[in-house]
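*Asks:* Once you've had a glance at the structure underneath, I'll fire off some questions.
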Amino acid sequence: MKKRIILSALALIAAVACQKTVVPELSVSTTTINLSPQGGNQMVTVTSNQDWTVSTSDNWISVGSASGSGTLSFAVSAGAFTEASARSGQIVVKSATLSQTIAVVQSAPAAPAETSQNSFKALALGGTFEMSVPQGYSYTVKCSGDWITAESSGNGLLLHVAPHAKAHEGRSGQVEVLFGSSVLAQATIEQSYRNVEPGELLIEEVYFTGSPIEGSTSPSMDQYIKLTNNSDRVVYADGVLFVTNFITGTITSVGAYYEYPDLEDGLAVNNMYAIPGKGDEHPLAPGESLILALAAIDYTASYQDGDNVIEGNSNAIDLSRADFEFYDENDIYPDTDNPDVENLDIWFKTSRTITSLHNRGFESYAIVIPPYDETAETIMTNHHWEGSYFFHFNEWNFDYDLADEDVWVIPGEWVLDAVNCCTEDSFYQNPWPAAFDAGWTHAGDYDRDPARFGKSVRRSVKDGKLMDTNNSTNDFVPNSAPSLKK
């Protein structure tokens, strides 16, 4: 019995002696992973004699395997990174009581060597502009004024510019797109205080003579002005004033003429008619025109004029489809109103009856656009022309006080375009500063020329654009056929 016990003990000792102690092992092929801003992946090999698991400190780090056994490889990857500072995290590989830490660093993208530049010109009514911004960056946007706001759109930003009202001068602002402390993109915005700039909307034609009536020495009253968008963008005619100049630059056939005080900058005007609208109601595409009819009547057909019926004139022009008409309500001579044609707003007129164009062409005309906060009342209060002017006729000389006249000075910066009409035998002086119009044009070759009826003054066209040198002698073709004549 004793011997048997001894043998069993010896067998147990032998069995225990045959078992080897297993020591845990764990190693990784790298302890640092560097990824580019564009992202990508890198392989890590785990060597272990045990089962192992993988965990990450941040969800931007992806691993191909969350666990394994023995020696295996897995991928470490990350997506594109757009922030201004590098980001870092960790991968921990655990096996039994052992662990290995792998540092993961993804670098930030480098700022572009050059800043993207944008520039925009906004009208007074505001607008939206698309700003280009380099891609692959997270950024913040800084606007210099609360009248500019930005929102992301596609591959850039939409910049919204608020209306610029009640101002006499433009304003400028800046938008900066910041990548950390670096400027990715910049935009400058210049906003005008008006919705159309000088030279964009032009007086293309003035038909002041009227059409001849067979058997009569008087013409029809089918007078009109044609305004045309000569720019490459949409302009808005709302608020544009059509004005006649107070100063006459003519001398009569008997030698009578007026002498006026110097007016270095600005127009001395009396009649003022405004195209109605709040800023965006009357858009004109490039090349489009507006017709301002003195009366929107079909002059080829008979029409009612007060208590009289005027017979139609086959030589005349149908103005019943004009865009606007001059309608003058008065108790002396009733005007004819076409209800289908919008009336111009009367800011001021000198005639106590109805306004018409001088059919011999002894007038000069302009289109101007005042700032939003200018009205007929403010102009008449703040812009009255002061001083004296003189009438000369042989040995007679008379002086007149401008304080007694209905005449106002329109600042030169408001002027969009101007045209002076005269005849060669009557030209005496330029009725305004040469910057507005240094020449003159005509319908009729001399004063009271009967051949003038049915003739117009029309602007020349060169390379698809209206001529605009601020000299009517160069820019206009005198004695032209009216453009509305069929």
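Letters for chains follow the order of the structure tokens (A, B, ...), residue numbers begin at 1 for each chain, and ligand numbers begin at 1 in the order shown.
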Tell me which protein, DNA and RNA residues are within 12 Å of Ser320 in chain A, counting only C-alpha atoms, leaving out same-chain ones fewer than 5 positions away, and put them as JSON, numbers by chain.

*Replies:* {"A": [222, 223, 224, 291, 292, 293, 294, 295, 296, 297, 298, 299, 300, 301, 303, 325, 336, 337, 338, 339, 340, 341, 342, 484]}

*Asks:* What's the 7 Å shell around Asn245 in chain A, counting only C-alpha atoms, without same-chain residues fewer than 4 positions away, as JSON, numbers by chain?

*Replies:* {"A": [267, 268, 269, 270, 363, 364, 365]}

*Asks:* Write out as a ChimeraX atom specification all residues of range 149-392 of chain A that backbone DSSP assigns to strand (DSSP E).

*Replies:* /A:149-153,156-161,171-179,182-191,201-207,224-229,235-236,241-245,257-259,267-274,283-284,289-293,303-305,308-310,324-325,342-343,345-348,364-368,388-392

*Asks:* What does the structure give for the distance between CA of Ser73 in chain A and CA of Pro24 in chain A, in Å to one decimal?

*Replies:*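 We find that CA of Ser73 in chain A and CA of Pro24 in chain A lie 18.7 Å from each other.
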
*Asks:* So which one's closest to Gly136 in chain A, A:Thr30, A:Gln38, A:Ser480, A:Ser69? Using only C-alpha atoms, please.

*Replies:*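 Residue with the minimum atom-to-atom distance to Gly136 in chain A: A:Gln38.
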
*Asks:* What does the structure give for the distance between CA of Asn420 in chain A and CA of Ile275 in chain A, in Å to one decimal?

*Replies:*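 These atoms are spaced 21.2 Å apart.
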
*Asks:* Go through A:Ile33, A:Val183, A:Val22, A:Ala66 one by one, measure the shortest atom-to-atom distance of each to Gln50 in chain A using only C-alpha atoms, and give the residue with the smallest value.

*Replies:*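 For Gln50 in chain A, the nearest of the given residues is A:Val22.
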
*Asks:* Looking at A:Tyr258, A:Met43, A:Asp232, A:Asp305, which one is nearest to Ser388 in chain A, with distances taken over only C-alpha atoms?

*Replies:* A:Tyr258

*Asks:* Please determine, counting only C-alpha atoms, which residue among A:Ala78, A:Val206, A:Ile379, A:Leu466 has the shortest atom-to-atom distance to His442 in chain A.

*Replies:* A:Val206

*Asks:* Report as a list of chain:residue names all protein, DNA and RNA residues lying within 6 Å of Pro431 in chain A, evaluated on only C-alpha atoms, omitting residues in the same chain fewer than 5 positions from it.

*Replies:*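 With the cut-off at 6 Å, the set is A:Ile247, A:Thr248, A:Gly249.
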
*Asks:* Hey, can you spit out that residue selection with N, CA, C and O atoms as a PDB file, in the first residue's frame?

*Replies:*
```pdb
ATOM      1  N   ILE A 247     -31.281 126.310 -69.625  1.00  0.00           N
ATOM      2  CA  ILE A 247     -30.413 127.173 -70.422  1.00  0.00           C
ATOM      3  C   ILE A 247     -30.611 126.879 -71.901  1.00  0.00           C
ATOM      4  O   ILE A 247     -30.621 125.724 -72.328  1.00  0.00           O
ATOM      5  N   THR A 248     -30.773 127.917 -72.682  1.00  0.00           N
ATOM      6  CA  THR A 248     -30.811 127.760 -74.126  1.00  0.00           C
ATOM      7  C   THR A 248     -29.497 128.249 -74.721  1.00  0.00           C
ATOM      8  O   THR A 248     -28.969 129.286 -74.314  1.00  0.00           O
ATOM      9  N   GLY A 249     -28.977 127.462 -75.639  1.00  0.00           N
ATOM     10  CA  GLY A 249     -27.709 127.841 -76.268  1.00  0.00           C
ATOM     11  C   GLY A 249     -27.896 128.395 -77.653  1.00  0.00           C
ATOM     12  O   GLY A 249     -26.977 128.372 -78.477  1.00  0.00           O
TER      13      GLY A 249
END
```
